[in-house]
>>> print(open('work.txt').read())   # compact mmCIF, C-alpha atoms
# COMPACT_ATOMS: atom_id res chain seq x y z
CA VAL A 1 -3.66 -17.58 -20.46
CA VAL A 2 -2.08 -14.23 -19.62
CA ALA A 3 1.39 -13.62 -20.98
CA ILE A 4 3.92 -12.68 -18.34
CA ARG A 5 5.80 -9.48 -19.06
CA GLU A 6 8.04 -7.72 -16.60
CA MET A 7 6.72 -4.25 -15.77
CA LYS A 8 9.37 -1.55 -15.64
CA HIS A 9 7.44 0.15 -12.84
CA ALA A 10 4.70 -1.20 -10.61
CA ARG A 11 1.33 0.54 -10.99
CA LEU A 12 0.64 2.56 -7.85
CA VAL A 13 -1.88 5.06 -6.48
CA LEU A 14 -0.88 6.08 -2.96
CA THR A 15 -2.47 8.68 -0.71
CA SER A 16 -2.43 10.00 2.83
CA SER A 17 -6.14 9.70 3.53
CA GLY A 18 -7.97 7.91 0.74
CA LEU A 19 -9.08 8.18 -2.87
CA THR A 20 -9.89 11.85 -3.40
CA SER A 21 -11.26 13.00 -6.75
CA GLU A 22 -7.75 13.44 -8.19
CA ALA A 23 -6.48 10.13 -6.86
CA GLY A 24 -9.71 8.46 -7.86
CA SER A 25 -9.36 9.44 -11.50
CA HIS A 26 -5.87 7.93 -11.67
CA PHE A 27 -7.07 4.87 -9.77
CA ALA A 28 -9.89 4.32 -12.28
CA ARG A 29 -7.49 4.71 -15.23
CA LEU A 30 -4.90 2.27 -13.89
CA LEU A 31 -7.53 -0.21 -12.68
CA LYS A 32 -8.90 -0.42 -16.20
CA LEU A 33 -5.43 -1.12 -17.59
CA ALA A 34 -4.72 -3.72 -14.90
CA ALA A 35 -8.06 -5.47 -15.47
CA ALA A 36 -7.26 -5.94 -19.15
CA GLU A 37 -4.27 -8.05 -18.11
CA THR A 38 -6.11 -10.39 -15.72
CA PRO A 39 -7.20 -13.87 -16.86
CA SER A 40 -10.89 -12.91 -16.58
CA LYS A 41 -10.51 -9.29 -17.76
CA GLU A 42 -12.50 -8.33 -14.65
CA ALA A 43 -11.68 -5.34 -12.42
CA LYS A 44 -11.65 -7.31 -9.15
CA VAL A 45 -10.24 -5.43 -6.16
CA VAL A 46 -8.97 -7.17 -3.02
CA TYR A 47 -9.40 -4.94 0.04
CA ILE A 48 -6.95 -5.36 2.96
CA PRO A 49 -8.46 -4.03 6.24
CA ASP A 50 -5.78 -5.12 8.73
CA ALA A 51 -4.14 -1.78 9.51
CA ALA A 52 -7.45 -0.18 10.50
CA ALA A 53 -8.72 -3.31 12.28
CA ALA A 54 -5.59 -3.21 14.46
CA GLU A 55 -6.72 0.18 15.71
CA GLY A 56 -10.21 -1.01 16.57
CA ALA A 57 -12.11 -0.14 13.41
CA GLY A 58 -14.90 -2.55 12.54
CA PRO A 59 -14.03 -4.44 9.35
CA ASP A 60 -17.64 -4.75 8.18
CA GLY A 61 -18.27 -1.01 8.19
CA MET A 62 -14.96 -0.25 6.49
CA TYR A 63 -15.59 -2.89 3.87
CA ARG A 64 -19.07 -1.59 3.01
CA ARG A 65 -17.75 1.97 2.68
CA MET A 66 -14.83 0.98 0.47
CA GLN A 67 -16.89 -1.46 -1.55
CA SER A 68 -19.19 1.37 -2.60
CA GLU A 69 -16.30 3.76 -3.29
CA LEU A 70 -14.25 1.26 -5.27
CA LYS A 71 -17.21 0.13 -7.37
CA HIS A 72 -17.90 3.77 -8.18
CA LEU A 73 -14.33 3.93 -9.53
CA GLY A 74 -14.77 0.91 -11.78
CA ALA A 75 -14.31 -2.18 -9.63
CA SER A 76 -16.43 -5.09 -10.85
CA SER A 77 -16.20 -6.75 -7.43
CA VAL A 78 -14.54 -6.05 -4.09
CA VAL A 79 -13.35 -8.86 -1.82
CA CYS A 80 -12.35 -8.22 1.79
CA LEU A 81 -9.25 -10.22 2.77
CA PRO A 82 -8.10 -9.89 6.41
CA LEU A 83 -4.49 -11.04 6.27
CA ALA A 84 -4.38 -11.76 10.02
CA THR A 85 -6.60 -14.81 9.52
CA ALA A 86 -5.39 -15.82 6.05
CA ASP A 87 -2.72 -18.28 5.01
CA ARG A 88 -0.60 -18.23 1.89
CA ALA A 89 -2.96 -20.47 -0.09
CA GLN A 90 -5.94 -18.19 0.62
CA VAL A 91 -3.97 -15.09 -0.33
CA ALA A 92 -2.75 -16.67 -3.57
CA ALA A 93 -6.26 -17.78 -4.50
CA GLU A 94 -7.79 -14.32 -3.97
CA LEU A 95 -4.99 -12.43 -5.71
CA GLU A 96 -4.79 -14.78 -8.69
CA GLY A 97 -7.58 -13.01 -10.55
CA ALA A 98 -7.29 -9.58 -8.93
CA ALA A 99 -6.70 -6.43 -10.93
CA CYS A 100 -5.90 -4.44 -7.79
CA VAL A 101 -5.18 -4.62 -4.08
CA TYR A 102 -6.18 -1.74 -1.82
CA VAL A 103 -4.48 -1.54 1.60
CA GLU A 104 -6.37 0.48 4.22
CA MET A 105 -4.89 3.08 6.59
CA GLY A 106 -4.14 2.31 10.26
CA ASN A 107 -1.27 0.59 12.05
CA THR A 108 1.61 0.19 9.59
CA TYR A 109 3.61 -2.24 11.72
CA PHE A 110 0.67 -4.61 12.12
CA VAL A 111 -0.29 -4.74 8.45
CA THR A 112 3.36 -5.13 7.45
CA TYR A 113 3.76 -8.12 9.75
CA GLN A 114 0.58 -9.74 8.45
CA ALA A 115 1.57 -9.01 4.85
CA ARG A 116 4.84 -10.85 5.41
CA ARG A 117 3.45 -13.71 7.50
CA SER A 118 0.61 -14.49 5.09
CA GLY A 119 2.71 -14.36 1.94
CA PHE A 120 0.80 -11.31 0.69
CA ALA A 121 3.95 -9.20 0.39
CA GLU A 122 5.69 -11.68 -1.89
CA ILE A 123 2.63 -12.57 -3.98
CA ALA A 124 1.42 -8.99 -4.45
CA THR A 125 4.90 -7.81 -5.45
CA LYS A 126 5.24 -10.61 -7.98
CA LEU A 127 1.84 -9.85 -9.53
CA ALA A 128 2.53 -6.11 -9.60
CA TYR A 129 5.58 -6.66 -11.78
CA GLU A 130 4.59 -9.75 -13.78
CA ARG A 131 0.94 -8.92 -14.49
CA GLY A 132 0.65 -5.21 -13.83
CA MET A 133 -1.69 -5.58 -10.85
CA LEU A 134 -2.44 -2.16 -9.36
CA PHE A 135 -1.32 -1.57 -5.77
CA SER A 136 -3.17 1.21 -3.99
CA GLY A 137 -3.29 2.28 -0.38
CA ALA A 138 -3.73 5.10 2.09
CA SER A 139 -1.34 6.08 4.88
CA ALA A 140 -0.19 2.68 6.23
CA GLY A 141 -0.96 1.17 2.83
CA ALA A 142 1.14 3.82 1.12
CA ILE A 143 4.04 3.35 3.54
CA LEU A 144 3.95 -0.44 3.02
CA ALA A 145 4.57 0.10 -0.71
CA GLY A 146 7.88 1.86 -0.03
CA LYS A 147 11.36 0.53 0.56
CA THR A 148 11.11 0.79 4.34
CA ILE A 149 8.39 1.49 6.88
CA GLU A 150 10.95 3.12 9.21
CA VAL A 151 9.38 6.48 8.28
CA CYS A 152 6.77 5.53 10.90
CA PHE A 153 9.35 6.31 13.57
CA TRP A 154 9.48 9.95 12.42
CA LYS A 155 6.14 10.77 14.05
CA GLY A 156 5.68 7.87 16.41
CA TRP A 157 1.93 7.70 15.75
CA ASP A 158 1.73 3.91 15.32
CA ASP A 159 2.20 1.33 18.06
CA PRO A 160 5.19 -0.79 16.92
CA GLY A 161 3.89 -3.77 18.89
CA TYR A 162 7.05 -4.41 20.89
CA GLY A 163 6.72 -7.73 22.67
CA THR A 164 3.66 -8.82 20.70
CA LYS A 165 3.52 -11.62 18.16
CA TRP A 166 3.47 -8.98 15.40
CA ASP A 167 6.60 -7.19 16.64
CA LEU A 168 8.79 -6.77 13.53
CA LYS A 169 11.93 -6.13 15.52
CA GLY A 170 14.24 -9.11 15.19
CA THR A 171 12.23 -10.79 12.42
CA GLU A 172 13.85 -11.81 9.15
CA TRP A 173 11.89 -9.02 7.41
CA GLY A 174 12.62 -6.22 9.85
CA TYR A 175 11.04 -2.96 8.74
CA ASN A 176 11.33 -3.62 5.01
CA GLY A 177 8.43 -2.51 2.85
CA LEU A 178 7.46 -3.98 -0.50
CA ASN A 179 9.87 -1.66 -2.38
CA LEU A 180 7.44 -0.87 -5.21
CA LEU A 181 8.29 2.81 -5.69
CA ALA A 182 10.55 3.72 -8.60
CA GLY A 183 14.16 4.14 -7.60
CA GLY A 184 13.65 2.28 -4.33
CA ALA A 185 12.06 5.23 -2.54
CA SER A 186 10.08 5.25 0.71
CA ILE A 187 7.06 7.45 1.41
CA PHE A 188 6.12 9.76 4.30
CA PRO A 189 2.37 10.57 4.32
CA HIS A 190 0.30 13.16 6.21
CA TYR A 191 2.89 15.90 5.72
CA SER A 192 1.98 19.41 6.86
CA PRO A 193 4.18 22.42 7.74
CA GLN A 194 4.29 21.35 11.40
CA TRP A 195 6.44 18.38 10.28
CA ALA A 196 8.97 20.45 8.30
CA GLY A 197 11.58 20.32 11.05
CA LYS A 198 11.17 16.58 11.52
CA VAL A 199 11.55 16.01 7.78
CA ARG A 200 14.75 18.09 7.70
CA GLU A 201 16.07 16.05 10.62
CA MET A 202 15.09 12.56 9.52
CA LYS A 203 15.19 12.51 5.73
CA PRO A 204 19.03 12.74 5.51
CA ARG A 205 19.27 9.62 7.72
CA HIS A 206 17.73 7.52 4.95
CA LYS A 207 19.98 6.20 2.19
CA GLU A 208 16.99 6.04 -0.16
CA ASP A 209 14.86 8.94 -1.36
CA VAL A 210 11.75 9.63 0.72
CA VAL A 211 8.68 10.95 -1.07
CA ILE A 212 6.95 13.58 1.09
CA LEU A 213 3.18 13.25 0.66
CA ASP A 214 0.66 15.75 2.02
CA GLU A 215 -3.14 15.56 2.18
CA TYR A 216 -3.63 17.33 -1.15
CA HIS A 217 -1.50 15.23 -3.47
CA CYS A 218 -1.30 11.57 -4.39
CA TYR A 219 1.62 9.50 -5.62
CA VAL A 220 0.90 7.91 -8.99
CA GLN A 221 3.20 5.45 -10.73
CA ASP A 222 2.79 3.86 -14.13
CA GLU A 223 4.93 2.96 -17.14
CA ASP A 224 6.28 6.52 -17.19
CA GLY A 225 7.52 6.36 -13.60
CA GLY A 226 6.31 7.87 -10.35
CA ARG A 227 5.20 11.41 -9.58
CA LEU A 228 3.14 13.52 -7.20
CA VAL A 229 -0.11 14.85 -8.65
CA PRO A 230 -1.72 17.29 -9.12
>>> encode(input="work.txt", output="structure tokens")
Amino acid sequence: VVAIREMKHARLVLTSSGLTSEAGSHFARLLKLAAAETPSKEAKVVYIPDAAAAEGAGPDGMYRRMQSELKHLGASSVVCLPLATADRAQVAAELEGAACVYVEMGNTYFVTYQARRSGFAEIATKLAYERGMLFSGASAGAILAGKTIEVCFWKGWDDPGYGTKWDLKGTEWGYNGLNLLAGGASIFPHYSPQWAGKVREMKPRHKEDVVILDEYHCYVQDEDGGRLVP
């Protein structure tokens, strides 16, 4: 039996493009801590491929690549869980013993819809705070962790799916993220100097803080709060 204790801050490792050496070291450290608080004490990682799959990436190839990378960083096992074909019971069963979830890059709107529809958003958030499960993700996965995914509109890279079954507009969830960042912040990945003007224009329109994340830093959050490193 694992005692439930409310975490002050969710454990997070968020990046623009994946687990670089710096991000990987923090991921390995927090995964070890999270594993110690699972019922089995195992460092099981649940891999969410939906954002990339929505853009045509083959889930098998992505899974094999990330399975190798995550095991190198300390994962005892890696389970691929496509949310688009999962129901709440399946999500709950896979996450019950997980030390970490890793959400792949790709279409943010699509993975957000599937996270809400499948119950992943609610279950993962609960486990992040009650059991210290690590939430990690790149690009779309990082954005999903924030207060809102409306930062996607800044660049317009992702197809919002207007008129599709995964169109978030008009749903009860809207463009809300999981709100896991300290202080209720959102996150804007893939920053480079070419986006400086857009950031100056759009950031003041948000009531919450927006963390600006480039390709060379990662956002790490633990018991001491959140910060950009290195």
>>> atom_distance(input="work.txt", atom1="atom CA of Lys203 of chain A", atom2="atom CA of Phe188 of chain A")
9.6 Å
>>> closest_residue(input="work.txt", among="A:Cys80, A:Gly18, A:Tyr113, A:Leu33", to="Gly170 of chain A", atoms="all atoms listed in the file")
A:Tyr113
>>> closest_residue(input="work.txt", among="A:Glu96, A:Glu55, A:Glu37, A:Glu223", to="Ala140 of chain A", atoms="all atoms listed in the file")
A:Glu55
>>> residues_around(input="work.txt", residues="segment 39-43 of chain A", least_positions_apart="5", cutoff="9 Å", atoms="only C-alpha atoms", output="list in words")
Val1, Val2, Leu31, Lys32, Ala34, Gly74, Ala75, Ser76, Ser77, Val78, Glu96, Gly97, Ala98, Ala99 and Cys100 of chain A
>>> closest_residue(input="work.txt", among="A:Met62, A:Leu134, A:Ala115, A:Leu178", to="Leu30 of chain A", atoms="all atoms listed in the file")
A:Leu134
>>> residues_around(input="work.txt", residues="Trp173 of chain A", least_positions_apart="5", cutoff="10 Å", atoms="only C-alpha atoms", output="list in words")
Thr112, Tyr113, Arg116, Arg117 and Leu168 of chain A
>>> closest_residue(input="work.txt", among="A:Ala93, A:Ala142, A:Leu83, A:Leu181", to="Lys8 of chain A", atoms="only C-alpha atoms")
A:Leu181
>>> residues_near_point(input="work.txt", point="(-2.6, 14.7, -2.1)", cutoff="10 Å", atoms="all atoms listed in the file", output="compact mmCIF listing (two decimals) with C-alpha atoms, keeping the file's coordinate frame")
# COMPACT_ATOMS: atom_id res chain seq x y z
CA LEU A 14 -0.88 6.08 -2.96
CA THR A 15 -2.47 8.68 -0.71
CA SER A 16 -2.43 10.00 2.83
CA SER A 17 -6.14 9.70 3.53
CA GLY A 18 -7.97 7.91 0.74
CA LEU A 19 -9.08 8.18 -2.87
CA THR A 20 -9.89 11.85 -3.40
CA SER A 21 -11.26 13.00 -6.75
CA GLU A 22 -7.75 13.44 -8.19
CA ALA A 23 -6.48 10.13 -6.86
CA PRO A 189 2.37 10.57 4.32
CA HIS A 190 0.30 13.16 6.21
CA TYR A 191 2.89 15.90 5.72
CA LEU A 213 3.18 13.25 0.66
CA ASP A 214 0.66 15.75 2.02
CA GLU A 215 -3.14 15.56 2.18
CA TYR A 216 -3.63 17.33 -1.15
CA HIS A 217 -1.50 15.23 -3.47
CA CYS A 218 -1.30 11.57 -4.39
CA TYR A 219 1.62 9.50 -5.62
CA LEU A 228 3.14 13.52 -7.20
CA VAL A 229 -0.11 14.85 -8.65
CA PRO A 230 -1.72 17.29 -9.12
>>> residues_around(input="work.txt", residues="Pro82 of chain A", least_positions_apart="5", cutoff="6 Å", atoms="only C-alpha atoms", output="mmCIF file with C-alpha atoms, in the coordinates of the input")
data_model
loop_
_atom_site.group_PDB
_atom_site.id
_atom_site.type_symbol
_atom_site.label_atom_id
_atom_site.label_comp_id
_atom_site.auth_asym_id
_atom_site.auth_seq_id
_atom_site.Cartn_x
_atom_site.Cartn_y
_atom_site.Cartn_z
ATOM 1 C CA ILE A 48 -6.950 -5.360 2.960
ATOM 2 C CA PRO A 49 -8.460 -4.030 6.240
ATOM 3 C CA ASP A 50 -5.780 -5.120 8.730
#
>>> residues_near_point(input="work.txt", point="(-17.2, -4.7, 3.2)", cutoff="10 Å", atoms="only C-alpha atoms", output="PyMOL selection string")
chain A and resi 47+49+58-68+78-81
>>> closest_residue(input="work.txt", among="A:Arg227, A:Lys169, A:Arg131, A:Lys126", to="Ala36 of chain A", atoms="all atoms listed in the file")
A:Arg131
>>> atom_distance(input="work.txt", atom1="atom CA of Val46 of chain A", atom2="atom CA of Lys147 of chain A")
22.0 Å
>>> closest_residue(input="work.txt", among="A:Ile149, A:Ala92, A:Met133, A:Val13", to="Gly226 of chain A", atoms="all atoms listed in the file")
A:Val13
>>> atom_distance(input="work.txt", atom1="atom CA of Met202 of chain A", atom2="atom CA of Trp154 of chain A")
6.8 Å
>>> axis_aligned_box(input="work.txt", around="segment 211-220 of chain A", padding_each_side="8 Å", output="AutoDock Vina command-line options")
--center_x 2.5 --center_y 12.6 --center_z -3.4 --size_x 28.3 --size_y 25.4 --size_z 27.2
>>> build_atoms(input="work.txt", residues="segment 94-128 of chain A", atoms="N, CA and C atoms", output="CSV table (one decimal), in the coordinates of the input")
chain,number,residue,atom,x,y,z
A,94,GLU,N,-7.1,-15.6,-3.8
A,94,GLU,CA,-7.8,-14.3,-4.0
A,94,GLU,C,-7.1,-13.4,-4.9
A,95,LEU,N,-5.7,-13.4,-4.9
A,95,LEU,CA,-5.0,-12.4,-5.7
A,95,LEU,C,-4.8,-12.9,-7.1
A,96,GLU,N,-5.0,-14.2,-7.4
A,96,GLU,CA,-4.8,-14.8,-8.7
A,96,GLU,C,-5.5,-14.0,-9.8
A,97,GLY,N,-6.8,-13.7,-9.5
A,97,GLY,CA,-7.6,-13.0,-10.6
A,97,GLY,C,-7.8,-11.5,-10.3
A,98,ALA,N,-7.1,-11.0,-9.3
A,98,ALA,CA,-7.3,-9.6,-8.9
A,98,ALA,C,-6.6,-8.6,-9.9
A,99,ALA,N,-7.3,-7.5,-10.2
A,99,ALA,CA,-6.7,-6.4,-10.9
A,99,ALA,C,-6.0,-5.4,-10.0
A,100,CYS,N,-6.4,-5.4,-8.7
A,100,CYS,CA,-5.9,-4.4,-7.8
A,100,CYS,C,-6.0,-4.9,-6.4
A,101,VAL,N,-5.0,-4.5,-5.5
A,101,VAL,CA,-5.2,-4.6,-4.1
A,101,VAL,C,-5.2,-3.2,-3.5
A,102,TYR,N,-6.1,-3.0,-2.5
A,102,TYR,CA,-6.2,-1.7,-1.8
A,102,TYR,C,-5.9,-2.0,-0.3
A,103,VAL,N,-4.9,-1.3,0.2
A,103,VAL,CA,-4.5,-1.5,1.6
A,103,VAL,C,-4.9,-0.3,2.4
A,104,GLU,N,-5.8,-0.6,3.4
A,104,GLU,CA,-6.4,0.5,4.2
A,104,GLU,C,-5.4,1.1,5.2
A,105,MET,N,-5.7,2.3,5.6
A,105,MET,CA,-4.9,3.1,6.6
A,105,MET,C,-5.0,2.5,8.0
A,106,GLY,N,-4.1,2.8,8.9
A,106,GLY,CA,-4.1,2.3,10.3
A,106,GLY,C,-2.7,2.0,10.8
A,107,ASN,N,-2.6,0.9,11.5
A,107,ASN,CA,-1.3,0.6,12.0
A,107,ASN,C,-0.3,-0.1,11.0
A,108,THR,N,0.7,0.6,10.6
A,108,THR,CA,1.6,0.2,9.6
A,108,THR,C,2.4,-1.0,10.0
A,109,TYR,N,2.8,-1.1,11.3
A,109,TYR,CA,3.6,-2.2,11.7
A,109,TYR,C,2.8,-3.5,11.7
A,110,PHE,N,1.5,-3.4,12.1
A,110,PHE,CA,0.7,-4.6,12.1
A,110,PHE,C,0.4,-5.1,10.7
A,111,VAL,N,0.0,-4.3,9.8
A,111,VAL,CA,-0.3,-4.7,8.4
A,111,VAL,C,1.0,-5.2,7.7
A,112,THR,N,2.1,-4.7,8.1
A,112,THR,CA,3.4,-5.1,7.4
A,112,THR,C,3.7,-6.5,7.9
A,113,TYR,N,3.5,-6.8,9.2
A,113,TYR,CA,3.8,-8.1,9.8
A,113,TYR,C,2.8,-9.1,9.1
A,114,GLN,N,1.5,-8.8,9.0
A,114,GLN,CA,0.6,-9.7,8.4
A,114,GLN,C,0.8,-9.9,7.0
A,115,ALA,N,1.3,-8.9,6.3
A,115,ALA,CA,1.6,-9.0,4.8
A,115,ALA,C,2.7,-10.0,4.6
A,116,ARG,N,3.7,-9.9,5.5
A,116,ARG,CA,4.8,-10.8,5.4
A,116,ARG,C,4.5,-12.3,5.8
A,117,ARG,N,3.8,-12.4,7.0
A,117,ARG,CA,3.4,-13.7,7.5
A,117,ARG,C,2.5,-14.5,6.6
A,118,SER,N,1.6,-13.8,5.9
A,118,SER,CA,0.6,-14.5,5.1
A,118,SER,C,1.1,-14.8,3.7
A,119,GLY,N,2.2,-14.2,3.3
A,119,GLY,CA,2.7,-14.4,1.9
A,119,GLY,C,2.2,-13.3,1.0
A,120,PHE,N,1.3,-12.4,1.5
A,120,PHE,CA,0.8,-11.3,0.7
A,120,PHE,C,1.9,-10.4,0.1
A,121,ALA,N,2.9,-10.1,0.9
A,121,ALA,CA,4.0,-9.2,0.4
A,121,ALA,C,4.6,-9.8,-0.8
A,122,GLU,N,5.0,-11.0,-0.8
A,122,GLU,CA,5.7,-11.7,-1.9
A,122,GLU,C,4.8,-11.8,-3.1
A,123,ILE,N,3.6,-12.3,-2.9
A,123,ILE,CA,2.6,-12.6,-4.0
A,123,ILE,C,2.2,-11.3,-4.7
A,124,ALA,N,1.9,-10.3,-3.9
A,124,ALA,CA,1.4,-9.0,-4.4
A,124,ALA,C,2.5,-8.3,-5.2
A,125,THR,N,3.8,-8.4,-4.7
A,125,THR,CA,4.9,-7.8,-5.4
A,125,THR,C,5.1,-8.5,-6.8
A,126,LYS,N,5.1,-9.8,-6.8
A,126,LYS,CA,5.2,-10.6,-8.0
A,126,LYS,C,4.2,-10.3,-9.0
A,127,LEU,N,2.9,-10.2,-8.6
A,127,LEU,CA,1.8,-9.8,-9.5
A,127,LEU,C,1.9,-8.4,-10.0
A,128,ALA,N,2.4,-7.5,-9.2
A,128,ALA,CA,2.5,-6.1,-9.6
A,128,ALA,C,3.5,-6.0,-10.8
